[in-house]
Structure formats: C-alpha cells, structure tokens
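Asker: This structure is in structure tokens; I'll ask about it shortly.
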Amino acid sequence: MPRSAHSARRTLGILGGRSDQVVRRVLDAAVVELARSGYAGFRMDAVASRATVNKTTVYRRWPSRVALVAVLVDRMRTPLRESPMPDTGELERDLVEAFSRRFTFGRKTEGRAWARLLEERHSPEVEAIIGAAVDERRDEWRSMVTRAISRHELPPGTDAQLLLDLVRAIVDARSSAHRLDTT
C-alpha cells in the first residue's frame, strides 16, 4: 500500500521528533568539527560520521559548508542575544562580568569553534558568515565604554575600541599565563 504524502514523514514538524533529533545531532557534531578543524579544515563527511548519519542527510538540509557553518554561527549567537552585556552602572564591574562570561564561553566547544572562526576571519567566506555577528558584539562592548563616558567615569573623547583592545590584551595575557602555570 503506497504511503500518502501526509504519512511519509510523521515526525516532520513534531518537536523532539526524529527529524529534530537528527538536526540536533548534526549541529552538535558540526560544532565539534569546527572547534577541532576550523573552517578551512571543516569536512561535511566528518560531521556526518560524528553525527552517525549519512552525508546525504547532512547535504539535504545544508547544501554546503557555508550553509551549515552559518547555521552554527546563528546557534552560537542565540545565548549571546539572550544575555545582553552587563550594565551594572560601573564600568569596572561591567568589564569583569563581561570578561568572565567571555572566559566561560571560551572554555566550551562553541567558544573554541568561535575562536577558530575568528582566526580565519581573513577568509572572505568566513568574514561573510561571521562579520555581522562580530560587528554587533563589538558594538555591545563599545556601548559599555560609552555609558561610562556618559557617567563621567572616563574622560570625554576616550577611544572606546582602544580601551577595550588594551583591556582584552591584558586579560588574554593573564589568562594565557595562568594556563601555563597550571600545566
């Protein structure tokens, strides 16, 4: 008896159905592959293997590496959108909290995948995928400094990006030194 179009995919559209589980497995596998290999080394067949699905299953939903990585970037951005940058009323506390969140995120697989994308931002393909997200987040960081200038915590004319670059360099250097001390 031939299956009707309605019964061909019973799980389609049902939250938690087989299709959703496959998508979740593929996306989870893809973020691991991105963290491991970076964009240049990202292989769809490695994602399929890690997700225990056929390559055709991956390509049916994401016809290219660009399409799959773009979905990953959007998925990684969701928690950031839901958790705006801190606004405690004091720049020092805002920066401490923001860098604490950044450190926590950086230790996760998603954070390592994001770091790999940032390392490869020189690639036009990668820039096209992450450029808007990077610019959006950079603007959020700058707004912390702009608020501090408005509150007279910093002098007018303070270069927000330069200040953030300096603070980030110090935080990253200390973090690197701490990692070396614990190994």
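Within each chain, counting starts at residue 1; across the structure tokens, chains are named A, B, ... in the order shown, with ligands numbered 1 upward in that order.
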Near His152 of chain A, counting only C-alpha atoms, which residues have an atom at most 12 Å away, once you skip same-chain residues fewer than 5 positions from it, shown as a PyMOL selection string?

Answerer: chain A and resi 89-91+145-147+157-158

Asker: Given the selection you just returned, output its residues as a file containing all heavy atoms, formatted as a PDB file, in the first residue's frame.

Answerer:
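Output saved as selection_1.pdb:
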```pdb
ATOM      1  N   GLY A  89      26.132  49.851  36.055  1.00  0.00           N
ATOM      2  CA  GLY A  89      26.281  51.245  36.454  1.00  0.00           C
ATOM      3  C   GLY A  89      27.717  51.612  36.786  1.00  0.00           C
ATOM      4  O   GLY A  89      28.011  52.738  37.168  1.00  0.00           O
ATOM      5  N   GLU A  90      28.614  50.632  36.619  1.00  0.00           N
ATOM      6  CA  GLU A  90      30.033  50.871  36.901  1.00  0.00           C
ATOM      7  C   GLU A  90      30.863  50.094  35.882  1.00  0.00           C
ATOM      8  O   GLU A  90      30.739  48.870  35.770  1.00  0.00           O
ATOM      9  CB  GLU A  90      30.361  50.403  38.316  1.00  0.00           C
ATOM     10  CG  GLU A  90      31.773  50.684  38.748  1.00  0.00           C
ATOM     11  CD  GLU A  90      32.042  50.137  40.153  1.00  0.00           C
ATOM     12  OE1 GLU A  90      31.230  50.375  41.044  1.00  0.00           O
ATOM     13  OE2 GLU A  90      33.074  49.458  40.297  1.00  0.00           O
ATOM     14  N   LEU A  91      31.724  50.786  35.156  1.00  0.00           N
ATOM     15  CA  LEU A  91      32.491  50.168  34.077  1.00  0.00           C
ATOM     16  C   LEU A  91      33.325  48.986  34.558  1.00  0.00           C
ATOM     17  O   LEU A  91      33.336  47.935  33.910  1.00  0.00           O
ATOM     18  CB  LEU A  91      33.393  51.197  33.391  1.00  0.00           C
ATOM     19  CG  LEU A  91      34.246  50.646  32.246  1.00  0.00           C
ATOM     20  CD1 LEU A  91      33.385  50.072  31.129  1.00  0.00           C
ATOM     21  CD2 LEU A  91      35.184  51.718  31.709  1.00  0.00           C
ATOM     22  N   VAL A 145      31.631  51.161  27.315  1.00  0.00           N
ATOM     23  CA  VAL A 145      32.561  52.274  27.488  1.00  0.00           C
ATOM     24  C   VAL A 145      31.832  53.601  27.272  1.00  0.00           C
ATOM     25  O   VAL A 145      32.042  54.557  28.022  1.00  0.00           O
ATOM     26  CB  VAL A 145      33.771  52.133  26.539  1.00  0.00           C
ATOM     27  CG1 VAL A 145      34.700  53.338  26.656  1.00  0.00           C
ATOM     28  CG2 VAL A 145      34.524  50.839  26.821  1.00  0.00           C
ATOM     29  N   THR A 146      30.976  53.647  26.286  1.00  0.00           N
ATOM     30  CA  THR A 146      30.214  54.872  26.013  1.00  0.00           C
ATOM     31  C   THR A 146      29.352  55.253  27.226  1.00  0.00           C
ATOM     32  O   THR A 146      29.280  56.439  27.590  1.00  0.00           O
ATOM     33  CB  THR A 146      29.327  54.677  24.764  1.00  0.00           C
ATOM     34  OG1 THR A 146      30.162  54.299  23.671  1.00  0.00           O
ATOM     35  CG2 THR A 146      28.559  55.927  24.425  1.00  0.00           C
ATOM     36  N   ARG A 147      28.731  54.264  27.847  1.00  0.00           N
ATOM     37  CA  ARG A 147      27.942  54.538  29.066  1.00  0.00           C
ATOM     38  C   ARG A 147      28.844  55.088  30.170  1.00  0.00           C
ATOM     39  O   ARG A 147      28.461  56.002  30.901  1.00  0.00           O
ATOM     40  CB  ARG A 147      27.222  53.272  29.540  1.00  0.00           C
ATOM     41  CG  ARG A 147      26.051  52.867  28.675  1.00  0.00           C
ATOM     42  CD  ARG A 147      25.206  51.773  29.325  1.00  0.00           C
ATOM     43  NE  ARG A 147      25.957  50.604  29.728  1.00  0.00           N
ATOM     44  CZ  ARG A 147      26.073  49.494  29.018  1.00  0.00           C
ATOM     45  NH1 ARG A 147      25.500  49.399  27.831  1.00  0.00           N
ATOM     46  NH2 ARG A 147      26.760  48.463  29.480  1.00  0.00           N
ATOM     47  N   GLY A 157      35.935  61.836  24.930  1.00  0.00           N
ATOM     48  CA  GLY A 157      36.919  61.603  23.877  1.00  0.00           C
ATOM     49  C   GLY A 157      37.703  60.319  24.042  1.00  0.00           C
ATOM     50  O   GLY A 157      38.578  60.022  23.234  1.00  0.00           O
ATOM     51  N   THR A 158      37.427  59.552  25.099  1.00  0.00           N
ATOM     52  CA  THR A 158      38.097  58.262  25.280  1.00  0.00           C
ATOM     53  C   THR A 158      37.801  57.378  24.070  1.00  0.00           C
ATOM     54  O   THR A 158      36.661  57.265  23.638  1.00  0.00           O
ATOM     55  CB  THR A 158      37.608  57.560  26.569  1.00  0.00           C
ATOM     56  OG1 THR A 158      37.936  58.371  27.686  1.00  0.00           O
ATOM     57  CG2 THR A 158      38.224  56.181  26.727  1.00  0.00           C
TER      58      THR A 158
END
```

Asker: Could you pull the residues within 12 Å of Glu33 of chain A, counting only C-alpha atoms, minus those fewer than 5 positions along the same chain, as an MDAnalysis selection string?

Answerer: chainID A and resid 26:28 38:51 65 68:69 72 109:110 112:114 116:117

Asker: Suppose we keep N, CA, C and O atoms; can you now write the selection as a CSV table (one decimal), in the first residue's frame?

Answerer:
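part.csv written:
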```csv
chain,number,residue,atom,x,y,z
A,26,VAL,N,23.5,16.5,14.2
A,26,VAL,CA,24.3,17.1,13.1
A,26,VAL,C,24.9,18.4,13.6
A,26,VAL,O,26.1,18.6,13.5
A,27,LEU,N,24.1,19.3,14.2
A,27,LEU,CA,24.6,20.6,14.6
A,27,LEU,C,25.7,20.4,15.8
A,27,LEU,O,26.7,21.1,15.8
A,28,ASP,N,25.4,19.5,16.7
A,28,ASP,CA,26.3,19.2,17.8
A,28,ASP,C,27.6,18.7,17.2
A,28,ASP,O,28.7,19.1,17.6
A,38,GLY,N,38.6,24.0,12.5
A,38,GLY,CA,38.5,25.3,11.9
A,38,GLY,C,37.7,25.2,10.6
A,38,GLY,O,37.3,24.2,10.2
A,39,TYR,N,37.5,26.4,10.0
A,39,TYR,CA,36.6,26.4,8.8
A,39,TYR,C,37.4,25.8,7.6
A,39,TYR,O,36.8,25.0,6.9
A,40,ALA,N,38.6,26.1,7.4
A,40,ALA,CA,39.4,25.6,6.3
A,40,ALA,C,39.4,24.1,6.3
A,40,ALA,O,39.3,23.4,5.2
A,41,GLY,N,39.5,23.5,7.4
A,41,GLY,CA,39.6,22.0,7.5
A,41,GLY,C,38.2,21.3,7.8
A,41,GLY,O,38.1,20.1,7.9
A,42,PHE,N,37.2,22.1,7.9
A,42,PHE,CA,35.8,21.6,8.1
A,42,PHE,C,35.3,20.7,7.0
A,42,PHE,O,35.3,21.1,5.9
A,43,ARG,N,35.0,19.5,7.4
A,43,ARG,CA,34.6,18.5,6.4
A,43,ARG,C,33.2,18.0,6.7
A,43,ARG,O,32.9,17.5,7.8
A,44,MET,N,32.3,18.1,5.7
A,44,MET,CA,30.9,17.6,5.9
A,44,MET,C,30.9,16.1,6.2
A,44,MET,O,30.0,15.7,7.0
A,45,ASP,N,31.8,15.3,5.6
A,45,ASP,CA,31.7,13.9,5.8
A,45,ASP,C,32.2,13.6,7.3
A,45,ASP,O,31.7,12.6,7.9
A,46,ALA,N,33.0,14.4,7.8
A,46,ALA,CA,33.4,14.2,9.3
A,46,ALA,C,32.2,14.5,10.2
A,46,ALA,O,32.0,13.8,11.2
A,47,VAL,N,31.5,15.5,9.8
A,47,VAL,CA,30.3,15.9,10.6
A,47,VAL,C,29.3,14.7,10.5
A,47,VAL,O,28.7,14.3,11.5
A,48,ALA,N,29.0,14.2,9.3
A,48,ALA,CA,28.1,13.1,9.1
A,48,ALA,C,28.5,11.9,10.0
A,48,ALA,O,27.7,11.3,10.7
A,49,SER,N,29.8,11.6,9.9
A,49,SER,CA,30.3,10.4,10.6
A,49,SER,C,30.2,10.6,12.2
A,49,SER,O,29.7,9.7,12.8
A,50,ARG,N,30.5,11.8,12.6
A,50,ARG,CA,30.4,12.1,14.1
A,50,ARG,C,28.9,12.1,14.5
A,50,ARG,O,28.6,11.7,15.6
A,51,ALA,N,28.0,12.5,13.6
A,51,ALA,CA,26.6,12.5,14.0
A,51,ALA,C,25.9,11.2,13.7
A,51,ALA,O,24.7,11.0,14.0
A,65,ARG,N,29.1,23.7,3.0
A,65,ARG,CA,29.8,24.1,4.3
A,65,ARG,C,29.4,25.4,4.8
A,65,ARG,O,29.1,25.7,6.0
A,68,LEU,N,25.9,25.3,6.5
A,68,LEU,CA,26.0,24.6,7.8
A,68,LEU,C,26.7,25.5,8.8
A,68,LEU,O,26.2,25.7,9.9
A,69,VAL,N,27.8,26.1,8.5
A,69,VAL,CA,28.5,26.9,9.4
A,69,VAL,C,27.7,28.2,9.8
A,69,VAL,O,27.7,28.7,10.9
A,72,LEU,N,25.4,27.3,12.4
A,72,LEU,CA,26.1,27.1,13.6
A,72,LEU,C,26.4,28.5,14.3
A,72,LEU,O,26.2,28.7,15.5
A,109,THR,N,32.9,24.1,23.9
A,109,THR,CA,33.2,23.7,22.5
A,109,THR,C,32.8,24.8,21.5
A,109,THR,O,33.5,25.1,20.6
A,110,GLU,N,31.7,25.5,21.8
A,110,GLU,CA,31.2,26.6,21.0
A,110,GLU,C,32.2,27.7,21.0
A,110,GLU,O,32.4,28.4,20.0
A,112,ARG,N,35.4,27.5,21.5
A,112,ARG,CA,36.6,27.1,20.7
A,112,ARG,C,36.3,27.1,19.2
A,112,ARG,O,37.1,27.5,18.4
A,113,ALA,N,35.1,26.8,18.8
A,113,ALA,CA,34.7,26.9,17.4
A,113,ALA,C,34.7,28.3,17.0
A,113,ALA,O,35.1,28.7,15.9
A,114,TRP,N,34.1,29.2,17.8
A,114,TRP,CA,34.1,30.6,17.5
A,114,TRP,C,35.5,31.2,17.4
A,114,TRP,O,35.8,31.9,16.5
A,116,ARG,N,38.1,29.6,16.5
A,116,ARG,CA,38.7,29.1,15.2
A,116,ARG,C,38.2,30.0,14.0
A,116,ARG,O,38.9,30.3,13.1
A,117,LEU,N,36.9,30.4,14.1
A,117,LEU,CA,36.4,31.2,13.0
A,117,LEU,C,37.0,32.6,13.0
A,117,LEU,O,37.4,33.1,12.0
```

Asker: Interatomic distance between atom CA of Met85 of chain A and atom CA of Phe99 of chain A?

Answerer: 10.1 Å

Asker: So the first atom is atom CA of Val31 of chain A and the second is atom CA of Val66 of chain A; what is the distance between them in Å, to one decimal place?

Answerer: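 One can read the atom CA of Val31 of chain A to atom CA of Val66 of chain A distance as 13.2 Å.
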
Asker: For the atom pair atom CA of Pro155 of chain A and atom CA of Phe103 of chain A, what is the interatomic distance in Å to one decimal place?

Answerer: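 Result for atom CA of Pro155 of chain A versus atom CA of Phe103 of chain A: 28.2 Å, one decimal.
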
Asker: Based on the backbone DSSP call, show me all residues of chain A assigned alpha helix (DSSP H), as a PyMOL selection string.

Answerer: chain A and resi 18-37+44-51+55-61+65-82+91-106+109-119+124-150+160-181

Asker: Find the residues around Ala160 of chain A up to 9 Å (only C-alpha atoms counted), leave out those fewer than 3 positions away in its own chain, and share them as a list of chain:residue names.

Answerer: A:Trp141, A:Arg142, A:Ser143, A:Met144, A:Val145, A:Thr146, A:Gly157, A:Leu163, A:Leu164, A:Asp165
